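Asks: Enclosed is the structure file query.cif (mmCIF, C-alpha atoms).
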```cif
data_run
loop_
_atom_site.label_atom_id
_atom_site.label_comp_id
_atom_site.auth_asym_id
_atom_site.auth_seq_id
_atom_site.Cartn_x
_atom_site.Cartn_y
_atom_site.Cartn_z
CA MET A 8 -12.85 -90.87 123.62
CA ASP A 9 -14.51 -91.88 120.37
CA VAL A 10 -17.77 -90.30 119.33
CA ASP A 11 -19.47 -91.96 116.39
CA ASN A 12 -20.84 -88.86 114.69
CA SER A 13 -22.58 -90.73 111.90
CA THR A 14 -24.19 -94.05 111.10
CA ASP A 15 -23.28 -93.68 107.42
CA LEU A 16 -21.09 -96.51 106.21
CA ASP A 17 -18.88 -94.14 104.23
CA LEU A 18 -18.14 -92.00 107.31
CA THR A 19 -16.57 -94.59 109.56
CA LEU A 20 -14.00 -93.59 112.16
CA ASP A 21 -11.12 -94.57 109.86
CA THR A 22 -12.63 -92.50 107.06
CA ARG A 23 -13.03 -89.48 109.32
CA LYS A 24 -9.45 -89.84 110.55
CA TYR A 25 -8.31 -89.76 106.92
CA LEU A 26 -10.46 -86.73 106.09
CA LEU A 27 -9.36 -84.67 109.12
CA TYR A 28 -7.46 -81.58 107.83
CA ASN A 29 -7.37 -83.19 104.35
CA ALA A 30 -7.20 -80.45 101.73
CA ASN A 31 -7.66 -82.73 98.70
CA GLU A 32 -11.27 -83.71 99.39
CA SER A 33 -12.46 -80.68 101.36
CA ASP A 34 -15.28 -78.39 100.26
CA VAL A 35 -14.82 -75.63 102.86
CA LYS A 36 -11.82 -73.90 104.39
CA PHE A 37 -11.36 -71.69 107.44
CA MET A 38 -8.92 -68.79 107.31
CA PHE A 39 -6.98 -67.40 110.30
CA ASN A 40 -4.62 -64.49 110.67
CA VAL A 41 -1.64 -65.78 112.66
CA VAL A 42 0.90 -63.38 114.17
CA SER A 43 4.55 -64.38 113.85
CA THR A 44 6.43 -64.55 117.15
CA GLY A 45 9.61 -63.23 115.54
CA ASP A 46 8.77 -59.91 113.90
CA SER A 47 5.07 -59.59 114.92
CA SER A 48 4.01 -59.79 111.29
CA SER A 49 0.81 -61.67 110.37
CA PHE A 50 0.13 -64.25 107.71
CA GLU A 51 -2.87 -66.28 106.59
CA VAL A 52 -3.34 -69.91 107.54
CA PHE A 53 -6.06 -72.21 106.19
CA ILE A 54 -7.70 -75.26 107.78
CA TYR A 55 -9.58 -77.52 105.40
CA ALA A 56 -12.78 -79.35 106.34
CA HIS A 57 -15.88 -81.07 104.99
CA LYS A 58 -19.36 -79.61 105.18
CA ARG A 59 -21.06 -82.98 105.55
CA ILE A 60 -19.08 -83.99 108.65
CA LEU A 61 -19.30 -80.52 110.21
CA SER A 62 -23.07 -80.49 109.68
CA ILE A 63 -23.38 -83.82 111.51
CA GLY A 64 -21.32 -82.59 114.48
CA SER A 65 -22.80 -79.09 114.88
CA CYS A 66 -26.27 -77.70 114.25
CA VAL A 67 -24.70 -74.27 113.68
CA PHE A 68 -22.54 -75.63 110.88
CA SER A 69 -25.59 -77.49 109.53
CA LYS A 70 -27.56 -74.24 109.28
CA MET A 71 -24.50 -72.49 107.88
CA PHE A 72 -24.08 -74.99 105.04
CA ASN A 73 -27.61 -76.23 104.43
CA GLY A 74 -30.11 -73.66 105.70
CA LEU A 75 -30.93 -70.00 105.13
CA MET A 76 -27.42 -69.00 106.18
CA ALA A 77 -26.05 -70.98 103.21
CA ALA A 78 -28.42 -69.26 100.79
CA SER A 79 -27.43 -65.79 102.01
CA SER A 80 -23.69 -66.50 102.06
CA SER A 81 -21.70 -64.29 99.72
CA SER A 82 -18.53 -66.39 99.82
CA SER A 83 -17.82 -67.82 96.38
CA ASP A 84 -14.80 -69.95 97.28
CA ASN A 85 -16.24 -71.52 100.46
CA THR A 86 -13.79 -69.64 102.69
CA ILE A 87 -14.87 -68.74 106.21
CA TYR A 88 -12.82 -66.18 108.13
CA ILE A 89 -12.49 -66.96 111.87
CA THR A 90 -11.49 -64.06 114.14
CA ASP A 91 -12.71 -64.99 117.63
CA ILE A 92 -11.20 -68.47 118.10
CA PRO A 93 -7.44 -69.26 118.15
CA ILE A 94 -6.31 -71.60 115.42
CA GLU A 95 -5.13 -74.35 117.78
CA CYS A 96 -8.46 -74.28 119.59
CA PHE A 97 -10.30 -74.56 116.28
CA ARG A 98 -8.15 -77.56 115.32
CA ASN A 99 -9.17 -79.09 118.63
CA ILE A 100 -12.85 -78.53 117.85
CA LEU A 101 -12.53 -80.11 114.42
CA LYS A 102 -10.72 -83.09 115.90
CA PHE A 103 -13.63 -83.63 118.30
CA ILE A 104 -16.23 -83.37 115.53
CA TYR A 105 -14.32 -85.73 113.25
CA ILE A 106 -12.96 -88.41 115.58
CA GLY A 107 -14.28 -87.61 119.06
CA VAL A 108 -10.89 -86.64 120.50
CA VAL A 109 -10.37 -83.44 122.45
CA GLU A 110 -7.48 -82.09 124.48
CA PHE A 111 -8.09 -79.49 127.13
CA ASN A 112 -6.52 -78.27 130.32
CA MET A 113 -6.92 -75.29 132.62
CA GLY A 114 -5.00 -73.22 130.06
CA ASN A 115 -7.32 -73.73 127.09
CA ILE A 116 -10.58 -74.96 128.64
CA VAL A 117 -12.39 -71.63 128.32
CA GLU A 118 -11.43 -71.27 124.66
CA VAL A 119 -12.70 -74.78 123.95
CA MET A 120 -15.92 -74.14 125.90
CA TYR A 121 -16.48 -70.89 124.03
CA ALA A 122 -16.08 -72.63 120.68
CA ALA A 123 -18.34 -75.52 121.76
CA HIS A 124 -20.94 -72.99 122.95
CA LYS A 125 -20.71 -70.94 119.75
CA TYR A 126 -21.16 -73.92 117.46
CA GLN A 127 -23.62 -75.66 119.85
CA ILE A 128 -21.59 -78.83 120.27
CA CYS A 129 -23.53 -79.77 123.38
CA LYS A 130 -21.63 -82.92 124.32
CA LEU A 131 -18.30 -81.09 124.23
CA GLU A 132 -19.65 -78.18 126.28
CA THR A 133 -20.90 -80.69 128.87
CA MET A 134 -17.47 -82.32 128.97
CA CYS A 135 -15.89 -78.91 129.57
CA CYS A 136 -18.27 -78.28 132.47
CA GLU A 137 -17.47 -81.68 133.98
CA PHE A 138 -13.74 -81.00 133.69
CA LEU A 139 -14.05 -77.63 135.42
CA TYR A 140 -16.26 -79.07 138.14
CA GLU A 141 -13.74 -81.82 138.86
CA ASN A 142 -11.03 -79.17 139.18
CA LEU A 143 -13.13 -76.70 141.17
CA GLN A 144 -11.36 -75.59 144.36
CA ILE A 145 -11.64 -72.71 146.77
CA SER A 146 -8.43 -71.31 145.28
CA ASN A 147 -9.84 -71.07 141.74
CA VAL A 148 -13.63 -70.86 142.06
CA LEU A 149 -13.67 -67.08 141.54
CA GLU A 150 -11.40 -67.37 138.52
CA ILE A 151 -13.50 -70.16 136.97
CA TYR A 152 -16.69 -68.22 137.64
CA GLU A 153 -15.31 -65.13 135.93
CA LEU A 154 -14.10 -67.17 132.95
CA THR A 155 -17.43 -68.96 132.47
CA ILE A 156 -19.90 -66.21 133.38
CA MET A 157 -20.63 -65.55 129.71
CA PHE A 158 -22.03 -69.06 129.28
CA ASN A 159 -24.42 -69.05 132.27
CA ASN A 160 -24.40 -72.85 132.34
CA ASP A 161 -24.17 -75.52 135.04
CA ILE A 162 -20.59 -74.74 136.03
CA THR A 163 -21.47 -71.04 136.44
CA LYS A 164 -24.35 -71.95 138.76
CA ARG A 165 -22.15 -74.31 140.78
CA CYS A 166 -19.50 -71.62 141.15
CA LEU A 167 -22.14 -69.24 142.51
CA GLN A 168 -23.16 -71.84 145.09
CA TRP A 169 -19.57 -72.08 146.26
CA ILE A 170 -19.17 -68.29 146.21
CA ASP A 171 -22.31 -67.71 148.27
CA ASP A 172 -21.38 -70.23 150.94
CA LEU A 173 -17.62 -69.56 151.13
CA PHE A 174 -17.35 -65.84 150.44
CA ALA A 175 -15.89 -65.06 153.87
CA ASP A 176 -12.94 -67.30 152.96
CA LEU A 177 -12.75 -66.33 149.29
CA VAL A 178 -12.03 -62.66 150.05
CA LYS A 179 -8.72 -63.78 151.59
CA TRP A 180 -7.45 -65.24 148.30
CA ASN A 181 -5.52 -63.33 145.68
CA SER A 182 -8.14 -64.31 143.09
CA PHE A 183 -10.56 -61.97 144.88
CA MET A 184 -8.15 -59.05 144.49
CA MET A 185 -7.85 -59.83 140.77
CA LEU A 186 -11.61 -59.81 140.10
CA LYS A 187 -12.75 -57.49 137.35
CA LYS A 188 -14.88 -54.59 138.49
CA PRO A 189 -18.15 -55.65 136.76
CA THR A 190 -17.82 -59.15 138.23
CA LEU A 191 -17.29 -57.89 141.77
CA MET A 192 -20.12 -55.36 141.56
CA ASP A 193 -22.52 -58.10 140.41
CA LEU A 194 -21.46 -60.37 143.26
CA LEU A 195 -21.96 -57.59 145.82
CA LYS A 196 -25.62 -57.36 144.78
CA ARG A 197 -26.29 -60.93 145.90
CA ASP A 198 -28.45 -61.44 148.98
CA THR A 199 -26.83 -64.79 149.83
CA LEU A 200 -23.16 -63.90 150.37
CA ASN A 201 -22.06 -65.61 153.57
CA ILE A 202 -19.95 -62.84 155.10
CA ARG A 203 -20.29 -60.15 157.74
CA GLU A 204 -21.02 -56.79 156.14
CA LEU A 205 -18.12 -55.17 158.00
CA ASP A 206 -15.69 -57.78 156.64
CA LEU A 207 -17.15 -57.31 153.20
CA PHE A 208 -16.58 -53.55 153.38
CA LYS A 209 -12.94 -54.03 154.40
CA SER A 210 -12.37 -56.54 151.61
CA VAL A 211 -13.89 -54.28 148.97
CA TYR A 212 -11.83 -51.38 150.33
CA LYS A 213 -8.63 -53.43 149.88
CA TRP A 214 -9.80 -54.50 146.42
CA ALA A 215 -10.31 -50.82 145.50
CA GLU A 216 -6.80 -49.99 146.69
CA ASN A 217 -5.39 -52.76 144.52
CA TYR A 218 -7.56 -51.62 141.60
CA CYS A 219 -6.09 -48.11 141.83
CA THR A 220 -2.56 -49.50 142.07
CA GLU A 221 -3.08 -51.66 138.97
CA ALA A 222 -4.48 -48.64 137.13
CA SER A 223 -1.49 -46.51 138.23
CA THR A 224 -3.72 -44.01 140.03
CA GLU A 225 -3.35 -42.69 143.55
CA PRO A 226 -5.52 -44.63 146.03
CA ASN A 227 -7.10 -41.52 147.53
CA ASP A 228 -10.70 -41.34 148.74
CA GLU A 229 -12.04 -40.04 145.45
CA ASN A 230 -10.40 -42.77 143.36
CA LEU A 231 -11.34 -45.49 145.87
CA ARG A 232 -14.99 -44.40 145.74
CA LYS A 233 -14.91 -44.37 141.95
CA ALA A 234 -13.32 -47.83 141.82
CA ALA A 235 -15.97 -49.35 144.11
CA ASP A 236 -18.96 -47.48 142.65
CA ASN A 237 -19.10 -45.24 145.75
CA PHE A 238 -19.50 -48.39 147.90
CA THR A 239 -23.21 -48.28 147.10
CA HIS A 240 -23.44 -52.09 147.18
CA ILE A 241 -22.25 -52.33 150.79
CA ARG A 242 -25.28 -52.64 153.07
CA PHE A 243 -24.22 -50.26 155.83
CA PRO A 244 -27.72 -50.10 157.41
CA THR A 245 -27.50 -53.84 158.23
CA MET A 246 -24.50 -53.25 160.53
CA ASN A 247 -24.75 -52.35 164.19
CA PHE A 248 -23.45 -49.05 165.63
CA ASN A 249 -20.03 -50.43 166.56
CA GLU A 250 -19.49 -52.02 163.14
CA PHE A 251 -20.40 -48.85 161.28
CA ALA A 252 -18.15 -46.81 163.58
CA GLU A 253 -15.31 -49.18 162.70
CA CYS A 254 -16.08 -48.65 158.99
CA THR A 255 -15.76 -44.89 159.36
CA ARG A 256 -12.47 -45.32 161.17
CA TYR A 257 -11.19 -47.79 158.57
CA GLY A 258 -12.01 -45.45 155.70
CA LEU A 259 -12.27 -42.09 157.38
CA ASN A 260 -13.61 -40.08 154.44
CA ILE A 261 -14.74 -42.88 152.18
CA LEU A 262 -18.37 -41.88 152.76
CA THR A 263 -19.67 -38.36 152.35
CA SER A 264 -21.25 -36.50 155.27
CA ASP A 265 -24.72 -36.95 153.79
CA GLU A 266 -24.14 -40.70 153.40
CA LYS A 267 -22.98 -41.03 157.01
CA ILE A 268 -26.04 -39.15 158.26
CA ASP A 269 -28.25 -41.36 156.10
CA VAL A 270 -26.78 -44.53 157.68
CA TRP A 271 -26.88 -43.15 161.24
CA ASP A 272 -30.57 -42.25 160.76
CA ALA A 273 -31.25 -45.80 159.54
CA LEU A 274 -29.38 -47.38 162.44
CA SER A 275 -31.19 -45.12 164.91
CA LYS A 276 -34.55 -46.01 163.35
CA VAL A 277 -35.18 -42.35 162.57
CA GLN A 278 -35.93 -43.13 158.93
CA PRO A 279 -34.98 -45.84 156.40
CA SER A 280 -31.86 -45.37 154.32
CA THR A 281 -32.42 -43.77 150.93
CA ARG A 282 -28.87 -44.42 149.71
CA PHE A 283 -28.00 -48.00 150.68
CA ASN A 284 -29.68 -51.38 150.58
CA SER A 285 -31.13 -52.19 154.02
CA LYS A 286 -31.93 -55.85 153.33
CA PHE A 287 -29.97 -58.27 155.48
CA ARG A 288 -27.95 -60.84 153.61
CA ILE A 289 -28.71 -64.48 154.35
CA ARG A 290 -25.64 -65.29 156.39
CA SER A 291 -24.82 -68.78 157.54
CA ALA A 292 -22.65 -70.27 160.25
CA THR A 293 -20.64 -73.40 159.61
CA ALA A 294 -21.98 -76.38 161.52
CA PHE A 295 -20.35 -79.80 161.82
CA ARG A 296 -23.00 -82.48 161.97
CA THR A 297 -23.50 -86.22 161.93
CA PHE A 298 -26.13 -88.53 160.48
CA VAL A 299 -26.74 -91.77 162.38
CA PHE A 300 -28.62 -94.68 160.80
CA PRO A 301 -29.81 -96.62 163.87
CA ASN A 302 -31.53 -99.51 162.06
CA ALA A 303 -28.85 -100.23 159.48
CA GLY A 304 -27.47 -103.20 161.41
CA ALA A 305 -30.90 -104.79 161.63
CA VAL A 306 -31.11 -105.62 157.93
CA TYR A 307 -29.19 -108.03 155.78
CA CYS A 308 -29.71 -109.23 152.23
CA GLU A 309 -27.45 -111.88 150.72
CA ASN A 310 -25.08 -110.28 148.16
CA GLY A 311 -26.65 -107.02 149.21
CA ARG A 312 -26.58 -103.73 147.38
CA TYR A 313 -28.07 -100.98 149.53
CA SER A 314 -28.69 -97.38 148.49
CA PHE A 315 -30.56 -94.18 149.20
CA GLU A 316 -31.29 -91.11 147.11
CA PHE A 317 -31.45 -87.48 148.18
CA HIS A 318 -30.79 -83.88 147.25
CA VAL A 319 -29.59 -80.99 149.40
CA SER A 320 -30.99 -77.54 150.03
CA ARG A 321 -27.54 -75.95 150.16
CA MET A 322 -23.89 -76.92 149.86
CA VAL A 323 -22.86 -79.84 152.05
CA PHE A 324 -19.22 -80.85 152.52
CA LEU A 325 -18.83 -84.54 153.28
CA ASN A 326 -16.07 -85.43 155.76
CA TYR A 327 -16.24 -88.98 157.10
CA ILE A 328 -18.24 -92.16 156.64
CA SER A 329 -18.36 -95.27 158.83
CA VAL A 330 -20.12 -98.54 157.97
CA ILE A 331 -21.52 -101.59 159.79
CA ARG A 332 -19.78 -104.09 157.50
CA ASN A 333 -16.89 -104.03 155.05
CA CYS A 334 -18.17 -102.58 151.80
CA SER A 335 -17.54 -100.13 148.99
CA VAL A 336 -19.29 -96.79 149.03
CA LYS A 337 -20.17 -95.27 145.68
CA ILE A 338 -21.52 -91.77 145.24
CA TYR A 339 -23.55 -91.11 142.09
CA GLU A 340 -24.97 -87.84 140.87
CA LYS A 341 -27.12 -86.45 138.08
CA ASP A 342 -28.10 -82.93 137.14
CA SER A 343 -31.74 -82.00 136.77
CA GLY A 344 -33.06 -83.18 133.43
CA GLU A 345 -30.74 -86.18 133.12
CA THR A 346 -32.20 -89.67 133.24
CA HIS A 347 -29.27 -91.65 134.61
CA TYR A 348 -26.83 -91.22 137.46
CA ALA A 349 -23.14 -90.84 136.64
CA LYS A 350 -20.56 -92.07 139.12
CA GLY A 351 -18.96 -89.35 141.18
CA LYS A 352 -16.67 -91.19 143.61
CA GLU A 353 -15.94 -94.64 145.00
CA CYS A 354 -14.14 -95.75 148.15
CA ALA A 355 -13.64 -99.09 149.96
CA ILE A 356 -14.34 -98.84 153.68
CA GLN A 357 -13.71 -101.34 156.46
CA VAL A 358 -15.91 -101.80 159.47
CA ASN A 359 -14.97 -99.99 162.70
CA ARG A 360 -12.97 -97.40 160.75
CA LYS A 361 -14.04 -93.84 160.12
CA GLN A 362 -13.04 -93.25 156.50
CA TYR A 363 -12.24 -89.73 155.29
CA LEU A 364 -14.18 -89.22 152.06
CA PRO A 365 -14.12 -85.59 150.83
CA TYR A 366 -17.04 -84.74 148.57
CA THR A 367 -19.22 -81.72 147.93
CA PHE A 368 -22.98 -81.98 147.50
CA VAL A 369 -24.58 -79.00 145.79
CA PRO A 370 -28.22 -77.98 145.21
CA HIS A 371 -30.06 -78.75 141.96
CA VAL A 372 -28.34 -82.15 141.73
CA SER A 373 -29.78 -85.53 142.72
CA TYR A 374 -27.49 -87.97 144.53
CA ALA A 375 -27.48 -91.66 145.27
CA ILE A 376 -25.12 -93.29 147.75
CA VAL A 377 -24.75 -97.01 147.15
CA THR A 378 -23.04 -99.47 149.51
CA VAL A 379 -22.01 -102.84 148.11
CA GLU A 380 -20.54 -105.74 150.09
CA HIS A 381 -17.59 -106.90 148.03
CA PHE A 382 -15.08 -108.48 150.42
CA GLN A 383 -15.08 -110.67 153.51
CA SER A 384 -16.55 -109.30 156.69
CA HIS A 385 -16.43 -110.56 160.28
CA HIS A 386 -19.99 -109.36 160.72
CA LYS A 387 -22.41 -112.18 159.87
CA ALA A 388 -26.04 -111.99 158.89
CA GLN A 389 -28.35 -110.69 161.53
CA SER A 390 -30.94 -113.01 163.06
CA ASN A 391 -34.55 -112.79 161.99
CA PRO A 392 -36.38 -110.64 161.23
CA GLY A 393 -33.37 -108.83 159.77
CA HIS A 394 -32.21 -111.58 157.38
CA PHE A 395 -33.86 -111.51 153.97
CA LYS A 396 -33.66 -113.53 150.80
CA SER A 397 -34.88 -110.84 148.42
CA TYR A 398 -35.03 -107.12 147.98
CA THR A 399 -38.82 -107.27 148.13
CA GLU A 400 -38.74 -108.75 151.62
CA MET A 401 -36.10 -106.27 152.77
CA HIS A 402 -38.00 -103.35 151.25
CA ARG A 403 -41.27 -104.36 152.95
CA TYR A 404 -39.63 -104.83 156.34
CA PHE A 405 -37.48 -101.73 156.19
CA ASN A 406 -40.45 -99.53 155.29
CA SER A 407 -42.15 -100.67 158.46
CA VAL A 408 -39.28 -100.20 160.92
CA SER A 409 -36.72 -97.81 159.46
CA LYS A 410 -36.40 -94.33 160.87
CA MET A 411 -33.56 -91.92 160.58
CA SER A 412 -32.32 -90.22 163.73
CA TYR A 413 -30.12 -87.14 163.87
CA CYS A 414 -27.20 -86.26 166.05
CA SER A 415 -26.22 -82.59 166.58
CA PHE A 416 -28.99 -81.40 164.26
CA ASP A 417 -31.30 -78.45 164.49
CA GLU A 418 -34.40 -77.70 162.45
CA HIS A 419 -32.30 -76.68 159.44
CA ASN A 420 -31.65 -80.09 157.90
CA PRO A 421 -29.96 -79.76 154.48
CA PHE A 422 -30.82 -83.29 153.31
CA VAL A 423 -34.07 -84.06 151.50
CA PHE A 424 -34.55 -87.82 151.06
CA GLN A 425 -36.52 -89.07 148.09
CA VAL A 426 -37.05 -92.80 148.69
CA PRO A 427 -37.06 -95.24 151.63
CA GLN A 428 -33.55 -95.56 153.01
CA TYR A 429 -31.48 -98.67 153.52
CA SER A 430 -27.72 -98.68 153.67
CA LEU A 431 -24.64 -100.24 155.20
CA ILE A 432 -23.63 -96.76 156.29
CA LYS A 433 -23.71 -96.28 160.05
CA MET A 434 -22.70 -92.63 160.19
CA ILE A 435 -22.08 -89.69 157.86
CA SER A 436 -20.14 -86.73 159.18
CA PHE A 437 -20.26 -83.46 157.25
CA HIS A 438 -20.24 -79.72 157.63
CA THR A 439 -22.56 -77.22 156.07
CA SER A 440 -24.17 -73.88 156.72
CA LYS A 441 -27.18 -73.04 158.85
CA PHE A 442 -29.27 -70.29 157.35
CA LYS A 443 -30.46 -67.64 159.77
#
```
Using the file provided, produce a representation of the structure as structure tokens.

Replies:
Amino acid sequence: MDVDNSTDLDLTLDTRKYLLYNANESDVKFMFNVVSTGDSSSFEVFIYAHKRILSIGSCVFSKMFNGLMAASSSSSDNTIYITDIPIECFRNILKFIYIGVVEFNMGNIVEVMYAAHKYQICKLETMCCEFLYENLQISNVLEIYELTIMFNNDITKRCLQWIDDLFADLVKWNSFMMLKKPTLMDLLKRDTLNIRELDLFKSVYKWAENYCTEASTEPNDENLRKAADNFTHIRFPTMNFNEFAECTRYGLNILTSDEKIDVWDALSKVQPSTRFNSKFRIRSATAFRTFVFPNAGAVYCENGRYSFEFHVSRMVFLNYISVIRNCSVKIYEKDSGETHYAKGKECAIQVNRKQYLPYTFVPHVSYAIVTVEHFQSHHKAQSNPGHFKSYTEMHRYFNSVSKMSYCSFDEHNPFVFQVPQYSLIKMISFHTSKFK
């Protein structure tokens, strides 16, 4: 990808390609200590750059070279010592600033995102978030969350949405066992983890055993309690009697006598717990549901392009789509604050076929689903009043007759529609959670 970082005639793309890493015309250099793989000795390596180009590509570099930071700099030979970014990653950053090219994968994405965040290269940080989101899976969501938690950006928020909704499944993955202690303790404080408290206790117990093993300590009761912060983040008072009894059998002496009495008093309504959180988590049960658009077949616009916009109140996992005529279905999305939709996915669907189309809708994002007739269909135009010559006519008619009906729905509808709906979609099948 090419990013034109300047409108100056003397900083064209060819010029910037020539200047990249060019020591002859540079006015700043970055120094790194590189460790030799042979004898573990270190040596200095320099990367040469140009203040003018760096200032255009990064506001941090601009302040460093042109603002108060430049005036207070004590470096006389324009050498900047870099200690927190690997040299190959820094080369990657310079390549992006100079010629708009960046190379990242799951192995170096966090290093690149850290550097982009540090030097406030917003476009590159956004690209890193998009890359991680495209590669987000249940098998790596905990790992990606832990790697990006320092940034607290869009990808971190999306990971938390996945974690909340899928935690009962995530505890079964090895990535849960490898979570760092501060990360796990912070997650246990969340009110929205979708997991039974008994299952959560057992999972944390197993995590504590693994933590002790990794630390080469005996997994006895004392060390297990220390590893899991005395299990203070498990909400024992939200269990029932049978579940808490199973906890005490599972970890016989994992709670002290006073803690057990405290929980039993809370469960018996004698007095509230003074040691554990008694607030119920917002648990959800997976529900498979279907949207039906009953009036879709009643409208037709020549060379039609039909769409509807919506957002969701929680995570929704799209499964299947069926349509009334052959068309392409395009899903667009935009984060809050953006002005234009960016394409998320496209699929050609034939009539009378239920097409599998996996996609995840998340909160805080606006979506548009567009259906476009682009190849021959056996289904002809409907008779009046469903045949229109313009979008204005179709819009006026559809506003008067269109209603959306629901199949297998309860009062907890996750979709929030923003504009009048018209579409070639006949049915959307998805699964989501139902908050209690």

Asks: The PyMOL selection byres ((chain A and resi 199) around 12) on the file shown: which residues, as a short mmCIF file (atom, residue, chain, number, x, y, z; two decimals) with C-alpha atoms, in the frame of the given file?

Replies:
```
data_model
loop_
_atom_site.label_atom_id
_atom_site.label_comp_id
_atom_site.auth_asym_id
_atom_site.auth_seq_id
_atom_site.Cartn_x
_atom_site.Cartn_y
_atom_site.Cartn_z
CA LEU A 167 -22.14 -69.24 142.51
CA GLN A 168 -23.16 -71.84 145.09
CA TRP A 169 -19.57 -72.08 146.26
CA ILE A 170 -19.17 -68.29 146.21
CA ASP A 171 -22.31 -67.71 148.27
CA ASP A 172 -21.38 -70.23 150.94
CA LEU A 173 -17.62 -69.56 151.13
CA PHE A 174 -17.35 -65.84 150.44
CA ALA A 175 -15.89 -65.06 153.87
CA LEU A 194 -21.46 -60.37 143.26
CA LEU A 195 -21.96 -57.59 145.82
CA LYS A 196 -25.62 -57.36 144.78
CA ARG A 197 -26.29 -60.93 145.90
CA ASP A 198 -28.45 -61.44 148.98
CA LEU A 200 -23.16 -63.90 150.37
CA ASN A 201 -22.06 -65.61 153.57
CA ILE A 202 -19.95 -62.84 155.10
CA ARG A 203 -20.29 -60.15 157.74
CA GLU A 204 -21.02 -56.79 156.14
CA LYS A 286 -31.93 -55.85 153.33
CA PHE A 287 -29.97 -58.27 155.48
CA ARG A 288 -27.95 -60.84 153.61
CA ILE A 289 -28.71 -64.48 154.35
CA ARG A 290 -25.64 -65.29 156.39
CA SER A 291 -24.82 -68.78 157.54
CA ARG A 321 -27.54 -75.95 150.16
CA SER A 440 -24.17 -73.88 156.72
CA PHE A 442 -29.27 -70.29 157.35
CA LYS A 443 -30.46 -67.64 159.77
#
```

Asks: Output as CSV one row per residue of range 219-267 of chain A within 10 Å of range 178-189 of chain A: the closest atom pair and its distance in Å to one decimal place, counting all atoms listed in the file, sorted by chain and residue number ascending.

Replies:
```
residue,atom,partner,partner_atom,distance
A:Glu221,CA,A:Met185,CA,9.6
A:Ala234,CA,A:Lys188,CA,7.7
A:Ala235,CA,A:Lys188,CA,7.8
A:Asp236,CA,A:Lys188,CA,9.2
```

Asks: Can you work out which one of A:Ile356, A:Ile241, A:Leu205, A:Val379 has the shortest atom-to-atom distance to Tyr257 in chain A, counting all atoms listed in the file?

Replies: A:Leu205

Asks: Just want the 12 Å neighbourhood of Glu141 in chain A, counted on all atoms listed in the file, with same-chain residues fewer than 2 positions away dropped. Output as a compact mmCIF listing (two decimals) with C-alpha atoms, keeping the file's coordinate frame.

Replies:
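This is the output file selection.txt:
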```
# COMPACT_ATOMS: atom_id res chain seq x y z
CA ASN A 112 -6.52 -78.27 130.32
CA MET A 113 -6.92 -75.29 132.62
CA MET A 134 -17.47 -82.32 128.97
CA CYS A 135 -15.89 -78.91 129.57
CA CYS A 136 -18.27 -78.28 132.47
CA GLU A 137 -17.47 -81.68 133.98
CA PHE A 138 -13.74 -81.00 133.69
CA LEU A 139 -14.05 -77.63 135.42
CA LEU A 143 -13.13 -76.70 141.17
CA GLN A 144 -11.36 -75.59 144.36
CA ASN A 147 -9.84 -71.07 141.74
CA VAL A 148 -13.63 -70.86 142.06
CA ILE A 151 -13.50 -70.16 136.97
CA ILE A 162 -20.59 -74.74 136.03
CA ARG A 165 -22.15 -74.31 140.78
CA CYS A 166 -19.50 -71.62 141.15
CA GLY A 351 -18.96 -89.35 141.18
CA LYS A 352 -16.67 -91.19 143.61
CA TYR A 366 -17.04 -84.74 148.57
CA THR A 367 -19.22 -81.72 147.93
```

Asks: Using the chain letters and numbers from the file, which residues does the PyMOL selection byres ((chain A and resi 50-58) around 6) grab, as number ranges by chain?

Replies: A: 28, 30, 33-41, 49, 59-62

Asks: Choose the residue, out of A:Cys96, A:Leu177, A:Leu149, A:Met434, that has the smallest atom-to-atom separation from Ile331 in chain A; count only C-alpha atoms.

Replies: A:Met434

Asks: Which residue is closest to Val336 in chain A? Choose from A:Ser48, A:Ala349, A:Ala375, A:Cys129 and count only C-alpha atoms.

Replies: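 Answer, going by the shortest atom-to-atom distance: A:Ala375.
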
Asks: May I ask for the distance between CA of His438 in chain A and CA of Tyr152 in chain A, given in Å to one decimal place?

Replies: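 One can read the CA of His438 in chain A to CA of Tyr152 in chain A distance as 23.3 Å.
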
Asks: Using only C-alpha atoms for the distances, tell me which of A:Ile338, A:Met120, A:Leu207, A:Ala215 is nearest to Asn159 in chain A.

Replies: A:Met120
